[in-house]
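Shown below: data22.cif, with mmCIF, C-alpha atoms.
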```
data_coords
#
loop_
_atom_site.label_atom_id
_atom_site.label_comp_id
_atom_site.auth_asym_id
_atom_site.auth_seq_id
_atom_site.Cartn_x
_atom_site.Cartn_y
_atom_site.Cartn_z
CA MET A 481 97.77 104.08 -49.73
CA ARG A 482 97.78 101.67 -52.67
CA GLN A 483 100.39 103.74 -54.49
CA LYS A 484 102.67 103.69 -51.47
CA TRP A 485 102.23 99.92 -51.08
CA GLU A 486 103.17 99.37 -54.72
CA SER A 487 106.29 101.53 -54.28
CA TYR A 488 107.89 98.71 -52.25
CA PRO A 489 109.66 95.86 -54.08
CA SER A 490 107.58 92.70 -54.46
CA SER A 491 109.94 90.81 -52.14
CA ILE A 492 109.34 93.30 -49.32
CA ARG A 493 105.57 93.26 -49.89
CA LEU A 494 105.56 89.47 -49.59
CA LEU A 495 107.71 89.68 -46.49
CA ALA A 496 105.28 92.17 -44.96
CA ILE A 497 102.35 89.81 -45.59
CA ALA A 498 104.30 86.98 -43.96
CA ALA A 499 105.04 89.26 -40.99
CA VAL A 500 101.32 89.96 -40.54
CA ILE A 501 100.46 86.24 -40.52
CA PHE A 502 103.40 85.37 -38.25
CA SER A 503 102.50 88.08 -35.73
CA THR A 504 98.81 87.15 -35.84
CA GLY A 505 99.66 83.63 -34.75
CA MET A 506 101.93 84.81 -31.95
CA ALA A 507 99.32 87.28 -30.69
CA CYS A 508 96.77 84.46 -30.41
CA ILE A 509 98.84 83.16 -27.48
CA TRP A 510 100.59 85.89 -25.54
CA PRO A 511 97.70 88.02 -24.28
CA LEU A 512 96.19 84.85 -22.80
CA VAL A 513 99.20 83.02 -21.35
CA THR A 514 98.83 84.51 -17.86
CA ILE A 515 95.11 83.72 -17.80
CA TYR A 516 95.79 80.16 -19.01
CA ILE A 517 98.40 79.50 -16.31
CA HIS A 518 96.26 81.05 -13.56
CA ASN A 519 92.75 79.86 -14.47
CA HIS A 520 93.34 76.66 -16.46
CA LEU A 521 96.44 75.26 -14.74
CA GLY A 522 95.52 76.70 -11.32
CA LYS A 523 98.81 78.48 -10.53
CA PRO A 524 99.26 81.85 -8.75
CA LEU A 525 99.85 85.01 -10.78
CA THR A 526 103.37 85.27 -9.33
CA VAL A 527 104.19 81.90 -10.89
CA ALA A 528 102.79 83.05 -14.21
CA GLY A 529 104.94 86.18 -14.08
CA PHE A 530 108.06 84.18 -13.28
CA LEU A 531 107.40 81.79 -16.17
CA LEU A 532 107.02 84.70 -18.57
CA LEU A 533 110.34 86.02 -17.31
CA LEU A 534 111.99 82.67 -18.07
CA ASN A 535 110.30 82.61 -21.48
CA GLN A 536 111.76 86.02 -22.31
CA GLY A 537 115.18 84.76 -21.24
CA ALA A 538 114.84 81.81 -23.61
CA PHE A 539 113.63 84.22 -26.32
CA LEU A 540 116.78 86.33 -25.84
CA ILE A 541 119.05 83.31 -26.20
CA GLY A 542 117.08 82.10 -29.20
CA SER A 543 117.34 85.51 -30.91
CA ILE A 544 121.13 85.49 -30.76
CA ILE A 545 121.45 81.83 -31.77
CA GLY A 546 118.92 82.25 -34.57
CA GLY A 547 120.74 85.28 -35.93
CA MET A 548 124.05 83.42 -35.98
CA LEU A 549 122.47 80.41 -37.68
CA PHE A 550 120.82 82.71 -40.24
CA ASP A 551 124.27 83.94 -41.29
CA ARG A 552 126.36 80.79 -40.99
CA TRP A 553 124.04 77.81 -41.38
CA GLY A 554 121.73 79.16 -44.06
CA LYS A 555 118.68 81.42 -44.20
CA MET A 556 116.17 78.79 -45.31
CA ARG A 557 117.52 76.12 -42.97
CA THR A 558 117.15 78.43 -39.98
CA ILE A 559 113.61 79.38 -40.98
CA VAL A 560 112.55 75.78 -41.60
CA VAL A 561 113.99 74.41 -38.34
CA GLY A 562 112.71 77.32 -36.25
CA SER A 563 109.24 77.19 -37.81
CA ILE A 564 108.81 73.43 -37.52
CA GLY A 565 110.09 73.47 -33.95
CA GLY A 566 107.72 76.30 -33.07
CA MET A 567 104.76 74.50 -34.66
CA LEU A 568 105.42 71.28 -32.75
CA ILE A 569 105.81 73.16 -29.48
CA SER A 570 102.57 75.10 -30.06
CA VAL A 571 100.61 71.91 -30.73
CA SER A 572 102.14 70.28 -27.65
CA LEU A 573 101.19 73.30 -25.50
CA GLY A 574 97.62 72.88 -26.68
CA VAL A 575 97.33 69.25 -25.61
CA THR A 576 99.37 69.12 -22.39
CA GLN A 577 97.71 69.29 -18.98
CA ASP A 578 100.86 68.64 -16.94
CA PHE A 579 102.34 71.80 -15.42
CA THR A 580 105.96 70.57 -15.45
CA VAL A 581 105.70 69.67 -19.14
CA TYR A 582 104.04 73.03 -19.80
CA VAL A 583 106.96 74.90 -18.20
CA LEU A 584 109.48 73.01 -20.35
CA LEU A 585 107.43 73.64 -23.49
CA LEU A 586 107.08 77.33 -22.68
CA LEU A 587 110.87 77.65 -22.47
CA LEU A 588 111.31 75.80 -25.77
CA ASN A 589 108.64 78.04 -27.27
CA GLY A 590 110.69 81.11 -26.34
CA LEU A 591 113.83 79.52 -27.76
CA PHE A 592 112.33 78.54 -31.13
CA TYR A 593 110.37 81.70 -31.70
CA GLY A 594 113.32 83.74 -30.51
CA SER A 595 115.35 82.10 -33.27
CA LEU A 596 112.80 83.42 -35.78
CA SER A 597 112.60 86.94 -34.34
CA PRO A 598 115.59 88.37 -36.29
CA VAL A 599 114.43 86.81 -39.56
CA MET A 600 111.98 89.48 -40.73
CA ASN A 601 114.32 92.45 -40.26
CA ALA A 602 117.36 90.53 -41.48
CA LEU A 603 115.51 89.50 -44.65
CA ALA A 604 114.39 93.10 -45.19
CA VAL A 605 118.06 94.13 -45.05
CA VAL A 606 119.18 91.32 -47.38
CA LEU A 607 116.37 91.65 -49.93
CA TRP A 608 116.28 95.47 -50.04
CA PRO A 609 119.57 96.85 -48.67
CA GLU A 610 118.99 100.26 -50.26
CA GLY A 611 115.57 100.54 -48.59
CA GLY A 612 117.01 101.66 -45.26
CA ARG A 613 114.38 102.43 -42.67
CA LYS A 614 111.52 102.11 -45.18
CA GLY A 615 111.71 98.34 -45.37
CA ILE A 616 112.18 97.82 -41.64
CA ASN A 617 109.41 100.30 -40.83
CA LEU A 618 107.02 98.37 -43.09
CA ILE A 619 107.88 95.17 -41.21
CA TYR A 620 107.32 96.98 -37.90
CA VAL A 621 103.87 98.18 -39.00
CA SER A 622 103.00 94.73 -40.40
CA LEU A 623 103.90 93.02 -37.12
CA ASN A 624 101.61 95.43 -35.29
CA VAL A 625 98.78 94.72 -37.72
CA GLY A 626 99.23 91.08 -36.81
CA VAL A 627 99.18 91.87 -33.09
CA ALA A 628 95.85 93.67 -33.47
CA ALA A 629 94.34 90.87 -35.55
CA GLY A 630 95.77 88.10 -33.40
CA SER A 631 94.56 89.59 -30.13
CA ALA A 632 91.00 89.62 -31.44
CA LEU A 633 91.33 86.16 -33.01
CA GLY A 634 92.89 84.74 -29.83
CA GLY A 635 89.92 85.89 -27.76
CA PHE A 636 87.53 84.16 -30.16
CA LEU A 637 89.56 80.93 -30.19
CA ALA A 638 89.85 80.94 -26.40
CA SER A 639 86.04 81.16 -26.15
CA VAL A 640 85.94 77.85 -28.05
CA SER A 641 88.90 76.25 -26.29
CA PHE A 642 92.22 77.48 -24.92
CA ALA A 643 93.87 74.69 -26.89
CA TRP A 644 92.80 76.36 -30.13
CA THR A 645 94.82 79.47 -29.35
CA PHE A 646 97.93 77.29 -29.57
CA PHE A 647 96.62 75.40 -32.60
CA GLY A 648 95.81 78.69 -34.32
CA ASN A 649 99.39 79.83 -33.79
CA ALA A 650 100.70 76.59 -35.28
CA ILE A 651 98.47 76.96 -38.34
CA SER A 652 99.69 80.50 -38.95
CA GLN A 653 103.32 79.32 -38.82
CA VAL A 654 102.52 76.57 -41.37
CA ILE A 655 101.21 79.27 -43.72
CA VAL A 656 104.28 81.47 -43.22
CA LEU A 657 106.70 78.58 -43.71
CA THR A 658 104.89 77.54 -46.90
CA MET A 659 105.14 81.11 -48.23
CA PHE A 660 108.85 81.22 -47.46
CA MET A 661 109.59 77.85 -49.05
CA LEU A 662 107.69 78.73 -52.26
CA ILE A 663 108.88 82.30 -52.70
CA LEU A 664 111.99 83.07 -50.65
CA PRO A 665 114.68 81.00 -52.48
CA ARG A 666 113.99 82.83 -55.75
CA GLN A 667 113.91 86.24 -54.07
CA LEU A 668 117.21 85.56 -52.31
CA LYS A 669 118.78 84.45 -55.59
CA LEU A 670 117.62 87.66 -57.30
CA ALA A 671 118.99 89.75 -54.42
CA GLU A 672 122.36 88.00 -54.66
CA GLN A 673 122.50 88.55 -58.43
CA LYS A 674 121.71 92.24 -57.94
CA ARG A 675 124.44 92.52 -55.29
CA GLN A 676 127.01 90.91 -57.60
CA LEU A 677 125.98 93.19 -60.45
CA GLN A 678 126.45 96.26 -58.27
CA ALA A 679 129.83 95.00 -57.11
CA THR A 680 131.08 94.71 -60.71
CA ALA A 681 129.54 98.01 -61.92
CA PRO A 682 131.99 100.52 -63.47
CA GLU A 683 133.48 103.22 -61.28
CA GLN A 684 131.86 106.63 -61.19
CA ALA A 685 133.14 109.28 -63.56
CA GLU A 686 136.24 111.22 -62.47
CA GLY A 687 135.41 114.35 -60.52
CA GLU A 688 132.43 112.92 -58.61
CA LEU A 689 132.47 112.80 -54.83
CA LEU A 690 134.23 109.86 -53.25
CA ARG A 691 131.80 107.12 -52.39
CA GLN A 692 131.20 106.01 -48.85
CA PRO A 693 133.48 103.09 -47.94
CA GLN A 694 132.20 99.64 -48.76
CA GLN A 695 130.56 97.59 -46.03
CA GLN A 696 132.85 97.31 -43.05
CA THR A 697 134.78 94.04 -42.80
CA LYS A 698 134.26 94.08 -39.03
CA VAL A 699 131.29 94.91 -36.83
CA VAL A 700 131.54 98.40 -35.30
CA TRP A 701 131.14 97.06 -31.77
CA GLY A 702 131.28 100.39 -29.97
CA ALA A 703 128.42 101.84 -32.03
CA LEU A 704 126.43 98.62 -31.74
CA LEU A 705 126.78 98.42 -27.96
CA LEU A 706 125.65 102.03 -27.55
CA LEU A 707 122.67 101.37 -29.80
CA CYS A 708 121.74 98.30 -27.76
CA GLY A 709 122.19 100.26 -24.52
CA GLY A 710 119.79 102.95 -25.69
CA LEU A 711 117.30 100.35 -26.92
CA LEU A 712 117.52 98.39 -23.65
CA ILE A 713 116.68 101.50 -21.61
CA SER A 714 113.84 102.42 -23.96
CA TRP A 715 112.28 98.98 -23.49
CA ILE A 716 112.70 99.16 -19.70
CA VAL A 717 110.74 102.41 -19.75
CA TYR A 718 108.14 101.12 -22.20
CA VAL A 719 107.24 97.95 -20.31
CA GLN A 720 106.23 99.97 -17.25
CA TRP A 721 102.96 100.47 -19.15
CA THR A 722 102.27 96.73 -19.11
CA THR A 723 103.32 96.13 -15.50
CA VAL A 724 103.54 98.77 -12.76
CA LEU A 725 101.43 101.44 -14.44
CA SER A 726 98.48 99.08 -14.93
CA THR A 727 98.41 98.46 -11.17
CA TYR A 728 98.91 102.16 -10.41
CA MET A 729 95.99 103.13 -12.67
CA GLN A 730 93.68 100.72 -10.87
CA SER A 731 94.65 102.29 -7.54
CA LEU A 732 93.46 105.61 -8.99
CA GLY A 733 90.07 104.12 -9.80
CA ILE A 734 90.72 103.61 -13.52
CA SER A 735 89.10 100.39 -14.72
CA LEU A 736 90.74 97.55 -16.60
CA ARG A 737 88.47 98.30 -19.55
CA GLN A 738 89.78 101.87 -19.68
CA TYR A 739 93.33 100.56 -19.41
CA SER A 740 92.77 98.14 -22.31
CA LEU A 741 91.43 101.01 -24.41
CA LEU A 742 94.84 102.64 -24.13
CA TRP A 743 96.33 99.70 -26.03
CA THR A 744 93.58 100.05 -28.63
CA LEU A 745 94.77 103.64 -29.01
CA ASN A 746 98.35 102.39 -29.27
CA GLY A 747 97.55 99.91 -32.03
CA GLY A 748 95.29 102.30 -33.91
CA LEU A 749 97.90 105.03 -33.92
CA ILE A 750 100.59 102.66 -35.20
CA LEU A 751 98.32 101.46 -38.01
CA PHE A 752 96.71 104.73 -39.05
CA GLY A 753 99.22 107.27 -37.82
CA GLN A 754 101.90 106.57 -40.43
CA PRO A 755 101.17 109.83 -42.32
CA LEU A 756 101.57 111.71 -39.04
CA ILE A 757 104.88 110.03 -38.18
CA ALA A 758 106.10 110.56 -41.77
CA TRP A 759 105.40 114.29 -41.36
CA VAL A 760 107.22 114.33 -38.00
CA ILE A 761 110.24 112.66 -39.58
CA ARG A 762 110.30 115.06 -42.56
CA ARG A 763 109.92 118.08 -40.29
CA PHE A 764 112.00 117.20 -37.23
CA ALA A 765 114.02 113.99 -37.81
CA ARG A 766 115.45 113.71 -41.31
CA THR A 767 118.18 111.27 -40.26
CA LEU A 768 117.92 107.97 -38.41
CA LYS A 769 120.01 109.38 -35.60
CA ALA A 770 117.65 112.33 -35.22
CA GLN A 771 114.73 109.90 -35.31
CA MET A 772 116.14 107.90 -32.38
CA LEU A 773 116.97 111.02 -30.37
CA LEU A 774 113.52 112.52 -30.89
CA GLY A 775 111.89 109.23 -29.93
CA ALA A 776 113.90 109.01 -26.69
CA TYR A 777 113.00 112.62 -25.79
CA ILE A 778 109.34 111.81 -26.44
CA PHE A 779 109.58 108.78 -24.13
CA ALA A 780 110.87 111.11 -21.41
CA LEU A 781 108.06 113.60 -22.06
CA SER A 782 105.49 110.84 -21.71
CA MET A 783 106.86 109.82 -18.32
CA LEU A 784 106.86 113.44 -17.12
CA ILE A 785 103.24 113.89 -18.18
CA LEU A 786 102.25 110.75 -16.29
CA SER A 787 104.09 111.97 -13.19
CA GLN A 788 101.63 114.88 -13.02
CA SER A 789 98.51 112.89 -13.95
CA THR A 790 95.93 111.28 -11.70
CA VAL A 791 93.00 111.29 -14.16
CA TYR A 792 92.36 109.13 -17.19
CA ALA A 793 92.84 111.94 -19.71
CA GLY A 794 96.45 112.30 -18.59
CA PHE A 795 97.10 108.62 -19.26
CA VAL A 796 95.49 108.90 -22.70
CA ALA A 797 97.84 111.79 -23.49
CA GLY A 798 100.78 109.83 -22.11
CA MET A 799 99.98 106.77 -24.23
CA PHE A 800 99.52 108.90 -27.35
CA ILE A 801 102.92 110.52 -26.86
CA MET A 802 104.63 107.26 -25.89
CA THR A 803 103.30 105.58 -29.06
CA LEU A 804 104.81 108.36 -31.17
CA GLY A 805 108.14 107.66 -29.49
CA GLU A 806 107.76 103.94 -30.13
CA MET A 807 107.04 104.56 -33.82
CA LEU A 808 110.29 106.50 -34.06
CA VAL A 809 112.66 104.34 -32.00
CA TRP A 810 111.64 100.73 -32.68
CA PRO A 811 112.13 100.81 -36.49
CA ALA A 812 115.09 103.23 -36.37
CA VAL A 813 117.45 101.15 -34.21
CA PRO A 814 117.53 98.03 -36.45
CA ALA A 815 117.78 100.31 -39.51
CA VAL A 816 120.80 102.10 -38.00
CA ALA A 817 122.39 98.77 -37.09
CA ALA A 818 121.90 97.61 -40.68
CA GLN A 819 123.95 100.58 -41.91
CA PHE A 820 127.17 99.21 -40.43
CA THR A 821 126.41 95.50 -40.70
CA PRO A 822 128.99 93.57 -42.77
CA GLU A 823 127.55 91.42 -45.52
CA GLY A 824 126.75 87.98 -44.17
CA ARG A 825 126.24 89.19 -40.57
CA GLU A 826 122.69 90.54 -40.98
CA GLY A 827 121.11 87.77 -38.94
CA PHE A 828 123.50 88.05 -36.01
CA ILE A 829 123.16 91.85 -35.74
CA GLN A 830 119.36 91.79 -36.00
CA GLY A 831 119.29 88.91 -33.52
CA LEU A 832 121.29 90.99 -31.08
CA ILE A 833 118.84 93.88 -31.51
CA ALA A 834 115.86 91.55 -30.97
CA GLY A 835 117.56 90.00 -27.93
CA THR A 836 118.16 93.44 -26.44
CA GLY A 837 114.43 94.14 -26.61
CA SER A 838 113.77 90.85 -24.85
CA ALA A 839 116.31 91.76 -22.14
CA GLY A 840 114.48 95.05 -21.57
CA ARG A 841 111.20 93.18 -21.20
CA MET A 842 112.88 90.92 -18.63
CA VAL A 843 114.57 93.61 -16.54
CA GLY A 844 111.87 96.28 -16.81
CA PRO A 845 109.11 94.70 -14.69
CA LEU A 846 111.48 93.77 -11.84
CA LEU A 847 113.24 97.14 -11.81
CA GLY A 848 109.96 99.03 -12.05
CA ALA A 849 108.38 97.06 -9.21
CA PHE A 850 111.40 97.65 -6.96
CA ILE A 851 111.44 101.40 -7.62
CA PHE A 852 107.64 101.64 -7.24
CA GLN A 853 107.76 99.96 -3.84
CA SER A 854 110.66 102.17 -2.73
CA ILE A 855 109.63 105.67 -3.89
CA HIS A 856 106.08 105.19 -5.20
CA ALA A 857 104.62 106.06 -8.60
CA GLN A 858 105.79 109.63 -9.04
CA GLY A 859 109.34 108.71 -8.08
CA LEU A 860 109.27 105.80 -10.54
CA LEU A 861 108.13 108.07 -13.36
CA PHE A 862 110.85 110.63 -12.64
CA VAL A 863 113.47 107.86 -12.64
CA MET A 864 112.14 106.54 -15.96
CA ALA A 865 112.30 110.03 -17.47
CA GLY A 866 115.92 110.26 -16.33
CA LEU A 867 116.69 106.89 -17.90
CA CYS A 868 115.25 108.17 -21.18
CA LEU A 869 117.82 110.96 -21.13
CA LEU A 870 120.52 108.34 -20.65
CA SER A 871 119.27 106.56 -23.75
CA VAL A 872 119.49 109.92 -25.57
CA ALA A 873 123.19 110.01 -24.67
CA PHE A 874 123.74 106.46 -25.94
CA PHE A 875 121.98 107.18 -29.23
CA ALA A 876 123.83 110.48 -29.63
CA PHE A 877 127.34 109.10 -29.15
CA HIS A 878 127.06 105.91 -31.21
CA THR A 879 128.03 107.82 -34.38
CA SER A 880 131.45 108.69 -32.97
CA PHE A 881 132.40 105.02 -33.30
CA GLN A 882 130.97 104.86 -36.83
CA LYS A 883 132.99 107.88 -37.96
CA ARG A 884 136.15 106.47 -36.42
CA SER A 885 135.59 103.14 -38.19
CA GLN A 886 134.93 104.90 -41.51
CA GLN A 887 138.14 106.93 -41.16
CA ILE A 888 140.13 103.76 -40.55
CA SER A 889 138.46 102.11 -43.56
CA VAL A 890 139.27 105.02 -45.86
CA GLN A 891 142.88 105.11 -44.64
CA ASN A 892 143.24 101.38 -45.26
CA GLN A 893 141.84 101.75 -48.77
CA ALA A 894 144.22 104.65 -49.51
CA SER A 895 147.33 102.83 -48.25
#
```
File written out as C-alpha cells:
Amino acid sequence: MRQKWESYPSSIRLLAIAAVIFSTGMACIWPLVTIYIHNHLGKPLTVAGFLLLLNQGAFLIGSIIGGMLFDRWGKMRTIVVGSIGGMLISVSLGVTQDFTVYVLLLLLNGLFYGSLSPVMNALAVVLWPEGGRKGINLIYVSLNVGVAAGSALGGFLASVSFAWTFFGNAISQVIVLTMFMLILPRQLKLAEQKRQLQATAPEQAEGELLRQPQQQTKVVWGALLLLCGGLLISWIVYVQWTTVLSTYMQSLGISLRQYSLLWTLNGGLILFGQPLIAWVIRRFARTLKAQMLLGAYIFALSMLILSQSTVYAGFVAGMFIMTLGEMLVWPAVPAVAAQFTPEGREGFIQGLIAGTGSAGRMVGPLLGAFIFQSIHAQGLLFVMAGLCLLSVAFFAFHTSFQKRSQQISVQNQAS
C-alpha cells in the first residue's frame, strides 16, 4: 500500500489529502440536513426534500460557473473565493434560527460548494496530465474516505450541538484553503514548466509511429454530450438506493439499521476493494471505454437482482454489485473527458461532469417516485435496468465523435 502511495507524484498525494479533508467537512453536514430541517426547524419531510432539490440545482449551477472561473479567472482565485464563501455560509447556517434565512443560505451553500466541486479533478488533470484515470481514481477514493470519516464525525458533533456540524465543515475548509495557498502555486508553476518543456522537446526519430494529435483546439461536444448523457442516467439509477429503495425495503420489514449497513458495505468496498477493482480492470476493462461499459452493465445487473429480491441478502448482493459499478463509472467518466479537453478548459469540462451528477441527483428521486407509484417496485427496477442499457449505448458511441475529431485534426495538420 505504501509503495503504491509513493508511486503518485507529490502534487497528487497532497491533492488527495486535501480531498479527504474537504470531503470530511462536507460529510459532517449532508447526512444530517434532513434531520436538522425536520427536528430542529420543525418543517415537514416534504419541505426538507424540496430544499435539498433546490440545493442540488444551485450546486449544478455552481459547478458550471466554478469550472469556467477556474479556466478564465484563475485557479487560485476561484479556490479562494469559493472556499471563503463556503466557510462564511457554513458559519451562518450554524447560527441562524430563521427558516427563511436558512433556505437562502442553503442555496448559497450549494452555489459556493458547487463552484469548488470541479476543482479536485481539474487540478488532477492539470498537475498530472499523463496520470489518466490513476490520478482521478485516487481523488475519487480520497473523497470517499472523507465521506466515511465525516459521517462519523458529524454524528459526534451533532450530539454536542447541530451548530457544530456546520462549524466543523467551516474548519475543514479553512485547513484545505491553507494547504492550497501554501502549496498549490508552486505545484502549478512546476506543472506549467513541465508542459512547456514537453512542448519544446525534439521530434521523435524518423521511422517511429506518428504521434496522436496534440490537444484539440475545440471541445469535442458530441463525445462530451454522450458522456454526460450516460453519466446522468447512471446517477438517476444510483440515487434510487437513497430514495425509493429505502422506503421499499422498510415495506419488506427490513430495518433502517440494516439499510444503513448497506452504505457501510458501500464505503468499505470503495476503500478496501481497490485491489479487486484493479484486477477487474486488468482482466475485463483495459480501456476507459471498456471500464464505463462494464460499469453500466453492472448497474443493470444490480437492478435485475433487486427486482427478484424480497430478503435482505438480495439487497446486500445488489449493493455489492452496484458499488463495483460505481467504482468503474464514477472515476472513468471524468478521466475520459480529460482525454479530449483542450488546455485551459479543464475546469469547465470537469464542472460540466460534476454538474451532470448533480442533475442526476435532482431528477432521480422525482422520476423514481413517479415510476414507483405507477408500476410499483419491480416495474421501477426493470425500468432502471433498461435505462442502464441506454447509458451503455451513450458510452459506446461517444468514441465515434472522438475519432471523427482526430481525423479532422490530422487532416488539418497535414494540409
- prompt: How would you write, as a PyMOL selection string, the residues chosen by the PyMOL selection byres ((chain A and resi 643-658) around 7) on this structure?
  reply: chain A and resi 498+501-502+505-506+508-509+560+563+567+570-571+573-575+634+637-638+641-642+659-662
Per-residue nearest contacts of stretch 592-706 of chain A to stretch 798-818 of chain A (10 Å; all atoms listed in the file) as a tab-separated table:
```
residue	atom	partner	partner_atom	distance
A:Pro598	CA	A:Pro814	CA	9.9
A:Asn601	CA	A:Pro814	CA	7.5
A:Ala602	CA	A:Ala818	CA	8.4
A:Ala604	CA	A:Ala815	CA	9.8
A:Val605	CA	A:Ala818	CA	6.8
A:Val606	CA	A:Ala818	CA	9.6
A:Pro609	CA	A:Ala818	CA	8.4
A:Gly611	CA	A:Ala815	CA	9.3
A:Gly612	CA	A:Ala815	CA	6.0
A:Arg613	CA	A:Ala815	CA	5.1
A:Lys614	CA	A:Ala815	CA	8.6
A:Gly615	CA	A:Ala815	CA	8.7
A:Ile616	CA	A:Pro811	CA	6.0
A:Asn617	CA	A:Pro811	CA	5.1
A:Leu618	CA	A:Pro811	CA	8.7
A:Ile619	CA	A:Pro811	CA	8.5
A:Tyr620	CA	A:Pro811	CA	6.3
A:Val621	CA	A:Met807	CA	8.8
A:Val699	CA	A:Ala817	CA	9.7
A:Val700	CA	A:Ala817	CA	9.3
A:Ala703	CA	A:Ala817	CA	8.4
A:Leu704	CA	A:Ala817	CA	6.7
```
message: Excluding A:Thr836 and its own-chain neighbours fewer than 4 positions away, which residues fall within 12 Å of it when counting all atoms listed in the file? Please give them as number ranges by chain.
response: A: 536-537, 539-544, 594, 597-598, 704-716, 810, 813-814, 829-832, 840-844
message: Residues within 10 Å of A:Val527, please, as a list in words. Count only C-alpha atoms; anything in the same chain fewer than 5 positions from it doesn't count.
response: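 Using only C-alpha atoms, the neighbours found are Thr514, Ile517, His518, Leu532 and Leu533 of chain A.
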- prompt: Pick from A:Thr580, A:Ser740, A:Thr504, A:Ser787: nearest to A:Lys523, with all atoms listed in the file counted?
  reply: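 Looking at the shortest contact to A:Lys523, the residue is A:Thr580.
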field: Shortest interatomic distance to A:Leu494 - which of A:Met600, A:Val513, A:Ile833, A:Leu768, counting all atoms listed in the file
entry: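 Under the stated criterion, the closest residue is A:Met600.
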field: Which residue of A:Ala865, A:Gln667, A:Ile757, A:Val717 approaches A:Pro845 most closely, using all atoms listed in the file
entry: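 Looking at the shortest contact to A:Pro845, the residue is A:Val717.
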- request: Rounded to one decimal place, report the atom CA of A:Ala849-atom CA of A:Val719 distance in Å.
  value: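 We find that atom CA of A:Ala849 and atom CA of A:Val719 lie 11.2 Å from each other.
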message: Under the rule that all atoms listed in the file are counted, which of A:Leu534, A:Met548, A:Pro524, A:Leu664 is the nearest residue to A:Ile492?
response: A:Leu664
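Taking atom CA of A:Ala857 and atom CA of A:Leu725 as endpoints, the distance between them is 8.1 Å.
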task: May I ask for the distance between atom CA of A:Ile569 and atom CA of A:Pro665, given in Å to one decimal place?
output: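 Separation between atom CA of A:Ile569 and atom CA of A:Pro665: 25.9 Å.
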